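Peer 1: Next up, my_file.txt (compact mmCIF, C-alpha atoms).
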```txt
# COMPACT_ATOMS: atom_id res chain seq x y z
CA MET A 16 29.69 171.78 106.00
CA THR A 17 32.62 171.33 103.60
CA ASP A 18 34.80 173.14 106.12
CA TYR A 19 33.97 170.47 108.67
CA VAL A 20 34.95 167.73 106.19
CA TYR A 21 38.24 169.46 105.42
CA GLY A 22 38.73 169.87 109.15
CA LEU A 23 38.23 166.15 109.74
CA VAL A 24 40.56 165.12 106.91
CA GLY A 25 43.20 167.61 108.05
CA GLY A 26 42.81 166.47 111.65
CA VAL A 27 43.38 162.85 110.61
CA LEU A 28 46.59 163.89 108.82
CA LEU A 29 47.78 165.84 111.88
CA GLY A 30 47.15 162.83 114.10
CA LEU A 31 48.90 160.44 111.70
CA ALA A 32 51.94 162.71 111.40
CA ALA A 33 52.26 162.95 115.18
CA VAL A 34 51.86 159.19 115.66
CA PHE A 35 54.40 158.49 112.92
CA LEU A 36 56.95 160.83 114.53
CA ARG A 37 56.29 159.31 117.94
CA ILE A 38 56.75 155.76 116.69
CA SER A 39 59.68 156.36 114.33
CA ILE A 40 61.71 158.76 116.46
CA GLY A 41 60.07 158.51 119.85
CA ALA A 42 59.47 162.20 120.34
CA PRO A 43 56.27 164.18 120.67
CA LEU A 44 55.52 166.62 117.88
CA GLY A 45 55.86 170.21 119.09
CA VAL A 46 56.55 172.93 116.57
CA SER A 47 57.55 175.66 119.03
CA GLY A 48 60.00 173.26 120.68
CA PHE A 49 61.46 172.30 117.29
CA LEU A 50 61.85 175.97 116.39
CA SER A 51 63.52 176.64 119.73
CA LYS A 52 66.15 173.99 119.00
CA ALA A 53 66.52 175.07 115.36
CA LEU A 54 67.07 178.70 116.41
CA LEU A 55 70.21 177.73 118.29
CA PHE A 56 71.76 177.27 114.82
CA ARG A 57 73.64 174.22 115.96
CA PHE A 58 73.00 171.36 113.58
CA LYS A 59 73.81 168.61 116.08
CA VAL A 60 71.32 170.00 118.60
CA ALA A 61 68.48 170.56 116.15
CA ASP A 62 69.19 167.27 114.33
CA TRP A 63 66.06 165.68 112.78
CA ARG A 64 63.89 168.60 113.94
CA LEU A 65 65.45 170.60 111.11
CA SER A 66 64.30 167.96 108.64
CA PHE A 67 60.79 168.18 110.07
CA LEU A 68 60.75 171.95 109.61
CA VAL A 69 62.20 171.63 106.10
CA GLY A 70 59.38 169.18 105.28
CA MET A 71 56.86 171.80 106.42
CA LEU A 72 58.57 174.48 104.33
CA VAL A 73 58.50 172.20 101.27
CA VAL A 74 54.72 171.98 101.63
CA ALA A 75 54.58 175.76 102.05
CA VAL A 76 56.47 176.29 98.79
CA VAL A 77 54.56 173.61 96.88
CA LEU A 78 51.24 175.09 98.00
CA ARG A 79 52.37 178.52 96.90
CA TRP A 80 52.67 177.25 93.32
CA THR A 81 49.85 174.69 93.23
CA TYR A 82 47.08 175.82 95.56
CA PRO A 83 47.86 179.26 96.99
CA GLU A 84 44.27 179.68 98.22
CA ALA A 85 45.00 177.16 100.97
CA ILE A 86 47.53 179.44 102.62
CA GLY A 87 46.57 182.75 101.08
CA GLU A 88 44.47 184.30 103.81
CA SER A 89 46.26 187.40 104.99
CA LEU A 90 46.95 188.10 108.63
CA GLY A 91 44.57 190.82 109.69
CA GLY A 92 45.42 193.90 111.65
CA ASP A 93 48.20 196.41 111.85
CA LEU A 94 51.81 195.29 111.72
CA TRP A 95 52.38 196.32 115.36
CA ARG A 96 49.54 194.03 116.39
CA ILE A 97 51.00 191.14 114.39
CA ALA A 98 54.42 191.76 115.92
CA LEU A 99 52.99 191.86 119.45
CA ALA A 100 50.91 188.72 118.89
CA ALA A 101 53.83 186.80 117.43
CA THR A 102 56.15 187.73 120.30
CA LEU A 103 53.50 186.64 122.82
CA VAL A 104 52.94 183.38 120.93
CA GLY A 105 56.64 182.56 120.77
CA SER A 106 57.48 183.61 124.32
CA GLY A 107 54.31 182.15 125.84
CA ALA A 108 54.82 178.80 124.14
CA ARG A 109 58.31 178.50 125.60
CA ILE A 110 57.21 179.48 129.10
CA ALA A 111 54.27 177.06 128.89
CA GLY A 112 56.53 174.33 127.55
CA GLY A 113 54.62 173.89 124.30
CA CYS A 114 52.11 175.30 121.86
CA THR A 115 49.02 174.00 120.13
CA SER A 116 50.83 171.01 118.59
CA GLY A 117 52.79 169.95 121.66
CA HIS A 118 50.11 170.57 124.29
CA SER A 119 46.78 170.45 122.45
CA LEU A 120 47.60 167.56 120.13
CA CYS A 121 50.31 165.34 121.63
CA GLY A 122 49.86 166.35 125.27
CA MET A 123 46.10 165.92 125.24
CA GLY A 124 46.57 162.76 123.17
CA SER A 125 48.69 161.45 126.04
CA LEU A 126 45.99 162.48 128.53
CA ASP A 127 48.52 164.75 130.21
CA ILE A 128 46.78 166.91 132.82
CA ASP A 129 49.16 169.86 132.31
CA SER A 130 48.52 169.84 128.57
CA ILE A 131 44.76 169.68 129.02
CA ALA A 132 45.04 172.65 131.41
CA ALA A 133 47.29 174.48 128.94
CA THR A 134 44.81 173.96 126.10
CA LEU A 135 41.92 175.22 128.20
CA ILE A 136 43.90 178.33 129.18
CA PHE A 137 44.92 178.91 125.52
CA ILE A 138 41.25 178.83 124.52
CA VAL A 139 39.96 180.97 127.40
CA ALA A 140 42.68 183.62 126.90
CA GLY A 141 42.21 183.48 123.12
CA ALA A 142 38.43 183.77 123.39
CA ALA A 143 38.74 186.73 125.77
CA THR A 144 41.12 188.40 123.33
CA VAL A 145 38.81 187.84 120.37
CA TYR A 146 35.88 189.14 122.42
CA LEU A 147 37.74 192.30 123.38
CA THR A 148 39.20 192.96 119.92
CA SER A 149 36.21 192.10 117.75
CA GLY A 150 33.53 193.70 119.89
CA GLY A 151 34.94 197.13 119.25
CA VAL A 152 36.21 197.40 122.83
CA VAL A 153 39.79 197.53 121.60
CA GLY A 154 41.01 197.96 118.05
CA MET B 11 69.77 159.57 108.31
CA ARG B 12 66.70 157.46 109.00
CA ALA B 13 65.57 159.90 111.68
CA HIS B 14 65.96 162.77 109.24
CA LEU B 15 63.89 161.01 106.57
CA CYS B 16 61.16 160.08 109.04
CA ALA B 17 61.02 163.61 110.43
CA PHE B 18 60.97 165.10 106.92
CA PHE B 19 58.05 162.84 105.98
CA ALA B 20 56.20 163.68 109.21
CA GLY B 21 56.74 167.38 108.52
CA ILE B 22 55.20 167.04 105.07
CA ILE B 23 52.12 165.19 106.39
CA PHE B 24 51.77 167.60 109.31
CA ALA B 25 51.98 170.73 107.17
CA THR B 26 49.52 169.25 104.67
CA GLY B 27 47.14 168.52 107.53
CA LEU B 28 47.40 172.11 108.76
CA ALA B 29 46.66 173.50 105.29
CA VAL B 30 43.75 171.10 104.61
CA SER B 31 42.16 171.59 108.02
CA GLY B 32 41.97 175.37 107.73
CA MET B 33 44.35 175.99 110.64
CA THR B 34 46.35 178.25 108.33
CA ARG B 35 43.31 180.53 108.00
CA PRO B 36 43.27 183.10 110.81
CA SER B 37 39.55 183.68 110.31
CA LYS B 38 38.81 180.01 111.12
CA VAL B 39 40.88 180.14 114.29
CA ARG B 40 39.44 183.45 115.46
CA GLY B 41 36.01 182.12 114.51
CA PHE B 42 36.55 179.17 116.83
CA LEU B 43 37.60 181.50 119.64
CA ASP B 44 34.58 183.76 119.04
CA PHE B 45 32.26 182.09 121.55
CA PHE B 46 30.22 185.25 122.04
CA GLY B 47 29.76 185.89 118.33
CA GLU B 48 29.26 183.54 115.40
CA TRP B 49 31.05 180.54 116.82
CA ASP B 50 32.78 178.36 114.21
CA MET B 51 33.27 174.85 115.56
CA THR B 52 35.52 173.61 112.72
CA LEU B 53 38.54 173.37 115.03
CA LEU B 54 36.77 170.75 117.12
CA PHE B 55 36.50 168.62 113.97
CA VAL B 56 40.25 169.07 113.51
CA LEU B 57 41.31 168.46 117.10
CA GLY B 58 38.95 165.52 117.69
CA PRO B 59 40.38 163.01 115.19
CA ALA B 60 43.93 164.33 115.66
CA VAL B 61 43.91 163.73 119.41
CA GLY B 62 41.98 160.48 119.02
CA ILE B 63 44.43 159.07 116.50
CA TYR B 64 47.39 160.09 118.65
CA LEU B 65 45.83 158.48 121.70
CA ALA B 66 45.04 155.24 119.86
CA GLY B 67 48.28 155.17 117.87
CA THR B 68 50.62 155.64 120.82
CA PHE B 69 48.56 153.16 122.87
CA ILE B 70 48.91 150.46 120.19
CA ALA B 71 52.60 151.25 119.71
CA LYS B 72 53.26 150.99 123.45
CA ARG B 73 51.61 147.59 123.61
CA ARG B 74 53.64 146.27 120.72
CA ARG B 75 57.01 147.18 122.15
CA PRO B 76 58.42 149.02 125.11
CA SER B 77 58.16 152.76 124.88
CA VAL B 78 60.99 154.27 122.86
CA ALA B 79 63.35 156.60 124.64
CA ALA B 80 61.82 159.99 124.12
CA ASP B 81 64.11 162.97 124.16
CA CYS B 82 61.36 165.18 125.41
CA GLN B 83 62.45 167.62 128.04
CA ALA B 84 60.83 167.56 131.45
CA PRO B 85 57.45 169.13 130.90
CA GLU B 86 56.70 172.42 132.56
CA LYS B 87 54.66 171.86 135.70
CA ILE B 88 51.48 173.72 136.50
CA GLY B 89 52.29 176.85 138.46
CA ALA B 90 52.10 180.60 138.17
CA ARG B 91 54.75 180.71 135.44
CA PHE B 92 53.02 177.99 133.45
CA VAL B 93 49.67 179.78 133.60
CA ILE B 94 51.25 183.10 132.61
CA GLY B 95 52.90 181.43 129.61
CA CYS B 96 49.63 179.85 128.54
CA VAL B 97 47.77 183.15 128.90
CA MET B 98 50.44 184.96 126.85
CA PHE B 99 50.16 182.33 124.13
CA GLY B 100 46.36 182.50 124.18
CA ILE B 101 46.34 186.30 123.85
CA GLY B 102 48.73 186.19 120.89
CA TRP B 103 46.77 183.35 119.32
CA GLY B 104 43.53 185.27 119.65
CA LEU B 105 44.98 188.58 118.45
CA VAL B 106 45.96 187.28 115.03
CA GLY B 107 44.53 183.75 114.82
CA ILE B 108 47.67 181.82 113.98
CA CYS B 109 50.01 179.60 115.99
CA PRO B 110 53.56 178.36 115.38
CA GLY B 111 52.84 175.38 113.08
CA PRO B 112 50.47 177.18 110.69
CA SER B 113 52.76 180.22 110.65
CA VAL B 114 55.52 178.07 109.12
CA VAL B 115 53.13 176.83 106.40
CA ALA B 116 51.82 180.36 105.81
CA LEU B 117 55.37 181.48 105.03
CA GLY B 118 54.54 180.13 101.57
CA GLN B 119 52.46 183.28 101.09
CA GLY B 120 55.68 185.19 100.83
CA SER B 121 53.93 188.15 102.41
CA LEU B 122 55.29 190.78 104.78
CA PRO B 123 52.79 190.17 107.62
CA VAL B 124 53.57 186.44 107.79
CA ALA B 125 57.31 187.06 107.58
CA LEU B 126 56.99 189.63 110.37
CA PHE B 127 54.97 187.18 112.45
CA PHE B 128 57.55 184.46 112.00
CA ILE B 129 60.50 186.71 112.83
CA CYS B 130 58.84 188.14 115.94
CA MET B 131 57.79 184.66 117.05
CA ALA B 132 61.37 183.44 116.60
CA PHE B 133 62.54 186.45 118.61
CA GLY B 134 60.06 185.60 121.38
CA ILE B 135 61.21 181.98 121.43
CA GLY B 136 64.91 182.85 121.44
CA ILE B 137 64.79 185.57 124.09
CA THR B 138 62.56 183.50 126.37
CA ASP B 139 64.82 180.46 126.11
CA ARG B 140 67.75 182.63 127.17
CA LEU B 141 65.89 184.20 130.07
CA LEU B 142 64.58 180.83 131.26
CA ALA B 143 68.06 179.30 131.06
CA LYS B 144 69.46 182.16 133.12
CA GLY B 145 66.67 182.12 135.67
CA SER B 146 66.66 178.44 136.52
```
Would you mind writing the structure in this file as structure tokens?

Peer 2:
Amino acid sequence: MTDYVYGLVGGVLLGLAAVFLRISIGAPLGVSGFLSKALLFRFKVADWRLSFLVGMLVVAVVLRWTYPEAIGESLGGDLWRIALAATLVGSGARIAGGCTSGHSLCGMGSLDIDSIAATLIFIVAGAATVYLTSGGVVG
Amino acid sequence: MRAHLCAFFAGIIFATGLAVSGMTRPSKVRGFLDFFGEWDMTLLFVLGPAVGIYLAGTFIAKRRRPSVAADCQAPEKIGARFVIGCVMFGIGWGLVGICPGPSVVALGQGSLPVALFFICMAFGIGITDRLLAKGS
């Protein structure tokens, strides 16, 4: 029950942050896209996206000292599995033109058909993966 | 400067939302994807208000003044490549239970697995951008 309440409060914050960015800068909020621009290591290209990412990192550091439980859950599985998953997440998000923030939040919030399709495929592929990996079929 | 300040503020609110909502907890995400086991519907409570607020907020903003020039790139269109990308993302998401936004916040753990995740994700993003730029 409390998890649902935290979920709702967090969801409201996510929505507000995305609306604020959309209104103040005029761009949709997409973390994988921001990272893509930031990874070019050209300040003029990344521009305000760097500040967004720095804001996220500030929260990460503050939470580490104030409320580490919020971000303390360790990533399960072997390191090779984490490496594989992360590469798929990064590469897949770029091929799909967005990740959970760009497609599932802003895209769906703009009633974009592609983003709704993307979110459904994310969930179906993710659910299949969880089914195969938690049912003892693989790993 | 103003854009930087606004983006910085948005980043703080966004990361706080991710931490509060439980999106930084892989077990919550994998629990949501576990339709055939003990399904955890928390993510619906996260996504519902987030999408609703974005829908309402951008609608109100559009009515108040003409839509601001977005610098968003042309969105990827539905096709084989798009579906493959989405499936790849979904598999990675399901394998570990974390996506790009929460992985940035989880860097605060200062742990090897999260650092590895972030570096490999950055590698995936960078190499794919290069390949896509070459291919099209």

Peer 1: Need the shell around Val20 of chain A: protein/DNA/RNA residues with any atom at most 12 Å away, counting all atoms listed in the file. Skip same-chain ones fewer than 2 positions apart. Format as a ChimeraX atom specification?

Peer 2: /A:16-18,22-27 /B:30-32,51-56,59

Peer 1: Store the residues of this selection in a file with C-alpha atoms, as a CSV table (one decimal), in the coordinates of the input.

Peer 2:
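Just written: part26.csv:
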```csv
chain,number,residue,atom,x,y,z
A,16,MET,CA,29.7,171.8,106.0
A,17,THR,CA,32.6,171.3,103.6
A,18,ASP,CA,34.8,173.1,106.1
A,22,GLY,CA,38.7,169.9,109.2
A,23,LEU,CA,38.2,166.2,109.7
A,24,VAL,CA,40.6,165.1,106.9
A,25,GLY,CA,43.2,167.6,108.0
A,26,GLY,CA,42.8,166.5,111.6
A,27,VAL,CA,43.4,162.8,110.6
B,30,VAL,CA,43.8,171.1,104.6
B,31,SER,CA,42.2,171.6,108.0
B,32,GLY,CA,42.0,175.4,107.7
B,51,MET,CA,33.3,174.8,115.6
B,52,THR,CA,35.5,173.6,112.7
B,53,LEU,CA,38.5,173.4,115.0
B,54,LEU,CA,36.8,170.8,117.1
B,55,PHE,CA,36.5,168.6,114.0
B,56,VAL,CA,40.2,169.1,113.5
B,59,PRO,CA,40.4,163.0,115.2
```

Peer 1: One number please: atom CA of Ile108 of chain B to atom CA of Cys130 of chain B, in Å, one decimal.

Peer 2: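 Spanning atom CA of Ile108 of chain B to atom CA of Cys130 of chain B is a straight-line distance of 13.0 Å.
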
Peer 1: Would you mind telling me which residue in A:Gly30, A:Leu65, A:Ser149, A:Asp93 lies nearest to chain B when using all atoms listed in the file?

Peer 2: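 Of A:Gly30, A:Leu65, A:Ser149, A:Asp93, the one nearest chain B, counting all atoms listed in the file, is A:Gly30.
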
Peer 1: Find the spatial neighbours of segment 96-103 of chain B, counting all atoms listed in the file, within a cut-off of 7 Å - ignore same-chain residues fewer than 3 positions away - and output them as a ChimeraX atom specification.

Peer 2: /A:100-101,103-104,107-108,111,133,136-138,140-141,144 /B:92-93,106-109

Peer 1: When you draw a straight line from atom CA of His14 of chain B to atom CA of Leu117 of chain B, how long is it in Å?

Peer 2: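 So the answer is 21.9 Å.
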
Peer 1: (64.5, 164.7, 113.4) in this file's frame - what residues fall within 7 Å of it? Use only C-alpha atoms and give the answer as a compact mmCIF listing (two decimals) with C-alpha atoms, keeping the file's coordinate frame.

Peer 2:
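result28.txt written:
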```
# COMPACT_ATOMS: atom_id res chain seq x y z
CA ASP A 62 69.19 167.27 114.33
CA TRP A 63 66.06 165.68 112.78
CA ARG A 64 63.89 168.60 113.94
CA LEU A 65 65.45 170.60 111.11
CA SER A 66 64.30 167.96 108.64
CA PHE A 67 60.79 168.18 110.07
CA ALA B 13 65.57 159.90 111.68
CA HIS B 14 65.96 162.77 109.24
CA ALA B 17 61.02 163.61 110.43
```

Peer 1: Just the number, please: distance in Å from atom CA of Gly21 of chain B to atom CA of Arg35 of chain B, one decimal.

Peer 2: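 Computed distance, atom CA of Gly21 of chain B to atom CA of Arg35 of chain B, equals 18.8 Å.
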
Peer 1: Could you name the residues that touch Gly70 of chain A at 8 Å or less, counting only C-alpha atoms, but leaving out those on the same chain fewer than 6 positions away, as a ChimeraX atom specification?

Peer 2: /B:17-22,25

Peer 1: Pull out segment 48-62 of chain A, keep all heavy atoms, and write it as a compact mmCIF listing (two decimals), in the first residue's frame.

Peer 2:
```txt
# COMPACT_ATOMS: atom_id res chain seq x y z
N GLY A 48 18.19 10.15 -24.84
CA GLY A 48 18.55 11.16 -25.84
C GLY A 48 19.52 12.19 -25.28
O GLY A 48 20.48 12.59 -25.95
N PHE A 49 19.29 12.59 -24.02
CA PHE A 49 20.19 13.56 -23.37
C PHE A 49 21.58 12.95 -23.24
O PHE A 49 22.59 13.60 -23.51
CB PHE A 49 19.67 13.94 -21.98
CG PHE A 49 18.37 14.71 -21.98
CD1 PHE A 49 17.73 15.02 -20.78
CD2 PHE A 49 17.80 15.15 -23.16
CE1 PHE A 49 16.54 15.74 -20.78
CE2 PHE A 49 16.61 15.87 -23.18
CZ PHE A 49 15.98 16.16 -21.97
N LEU A 50 21.62 11.68 -22.83
CA LEU A 50 22.91 11.01 -22.67
C LEU A 50 23.63 10.91 -24.01
O LEU A 50 24.84 11.10 -24.09
CB LEU A 50 22.72 9.61 -22.07
CG LEU A 50 22.39 9.56 -20.57
CD1 LEU A 50 22.01 8.14 -20.15
CD2 LEU A 50 23.57 10.03 -19.74
N SER A 51 22.87 10.62 -25.06
CA SER A 51 23.45 10.51 -26.39
C SER A 51 24.16 11.80 -26.78
O SER A 51 25.28 11.78 -27.29
CB SER A 51 22.34 10.16 -27.39
OG SER A 51 22.64 10.63 -28.67
N LYS A 52 23.50 12.94 -26.51
CA LYS A 52 24.09 14.23 -26.84
C LYS A 52 25.28 14.52 -25.92
O LYS A 52 26.32 15.04 -26.35
CB LYS A 52 23.05 15.35 -26.70
CG LYS A 52 21.99 15.32 -27.80
CD LYS A 52 22.29 16.36 -28.86
CE LYS A 52 21.49 16.19 -30.13
NZ LYS A 52 20.06 16.33 -29.97
N ALA A 53 25.14 14.19 -24.64
CA ALA A 53 26.20 14.46 -23.67
C ALA A 53 27.45 13.65 -23.99
O ALA A 53 28.58 14.11 -23.79
CB ALA A 53 25.72 14.14 -22.25
N LEU A 54 27.25 12.43 -24.53
CA LEU A 54 28.39 11.55 -24.80
C LEU A 54 29.20 11.98 -26.01
O LEU A 54 30.23 11.38 -26.31
CB LEU A 54 27.89 10.11 -24.98
CG LEU A 54 27.45 9.44 -23.68
CD1 LEU A 54 26.67 8.18 -23.95
CD2 LEU A 54 28.67 9.14 -22.81
N LEU A 55 28.72 13.00 -26.72
CA LEU A 55 29.53 13.53 -27.82
C LEU A 55 30.66 14.39 -27.28
O LEU A 55 31.58 14.75 -28.00
CB LEU A 55 28.65 14.36 -28.76
CG LEU A 55 27.55 13.59 -29.50
CD1 LEU A 55 26.65 14.55 -30.27
CD2 LEU A 55 28.17 12.58 -30.45
N PHE A 56 30.55 14.75 -25.98
CA PHE A 56 31.55 15.58 -25.30
C PHE A 56 31.79 16.90 -26.02
O PHE A 56 32.91 17.35 -26.14
CB PHE A 56 32.87 14.80 -25.12
CG PHE A 56 32.70 13.61 -24.23
CD1 PHE A 56 32.64 12.32 -24.75
CD2 PHE A 56 32.59 13.77 -22.85
CE1 PHE A 56 32.47 11.23 -23.91
CE2 PHE A 56 32.42 12.69 -22.02
CZ PHE A 56 32.37 11.42 -22.55
N ARG A 57 30.69 17.43 -26.56
CA ARG A 57 30.79 18.77 -27.15
C ARG A 57 29.77 19.64 -26.44
O ARG A 57 28.56 19.47 -26.60
CB ARG A 57 30.51 18.72 -28.66
CG ARG A 57 31.61 17.98 -29.42
CD ARG A 57 31.96 18.67 -30.73
NE ARG A 57 30.82 18.78 -31.61
CZ ARG A 57 30.46 17.84 -32.49
NH1 ARG A 57 31.18 16.75 -32.61
NH2 ARG A 57 29.42 18.01 -33.25
N PHE A 58 30.27 20.57 -25.65
CA PHE A 58 29.42 21.34 -24.75
C PHE A 58 28.29 22.06 -25.49
O PHE A 58 27.15 22.08 -25.05
CB PHE A 58 30.26 22.36 -23.96
CG PHE A 58 29.45 23.12 -22.95
CD1 PHE A 58 29.07 22.52 -21.75
CD2 PHE A 58 29.04 24.41 -23.21
CE1 PHE A 58 28.30 23.21 -20.82
CE2 PHE A 58 28.27 25.12 -22.29
CZ PHE A 58 27.91 24.51 -21.10
N LYS A 59 28.60 22.61 -26.65
CA LYS A 59 27.60 23.37 -27.40
C LYS A 59 26.45 22.49 -27.87
O LYS A 59 25.32 22.93 -28.00
CB LYS A 59 28.26 24.05 -28.61
CG LYS A 59 29.06 25.29 -28.24
CD LYS A 59 28.73 26.46 -29.16
CE LYS A 59 29.35 27.75 -28.68
NZ LYS A 59 30.62 28.06 -29.35
N VAL A 60 26.77 21.22 -28.17
CA VAL A 60 25.73 20.30 -28.65
C VAL A 60 24.86 19.84 -27.48
O VAL A 60 23.64 19.83 -27.56
CB VAL A 60 26.37 19.08 -29.35
CG1 VAL A 60 25.30 18.11 -29.82
CG2 VAL A 60 27.20 19.55 -30.54
N ALA A 61 25.50 19.47 -26.40
CA ALA A 61 24.76 18.96 -25.25
C ALA A 61 24.00 20.09 -24.55
O ALA A 61 22.86 19.89 -24.11
CB ALA A 61 25.71 18.28 -24.27
N ASP A 62 24.62 21.26 -24.43
CA ASP A 62 23.96 22.46 -23.91
C ASP A 62 23.23 22.20 -22.59
O ASP A 62 23.82 21.63 -21.67
CB ASP A 62 23.02 23.00 -25.01
CG ASP A 62 22.65 24.44 -24.77
OD1 ASP A 62 23.43 25.15 -24.12
OD2 ASP A 62 21.58 24.87 -25.24
```
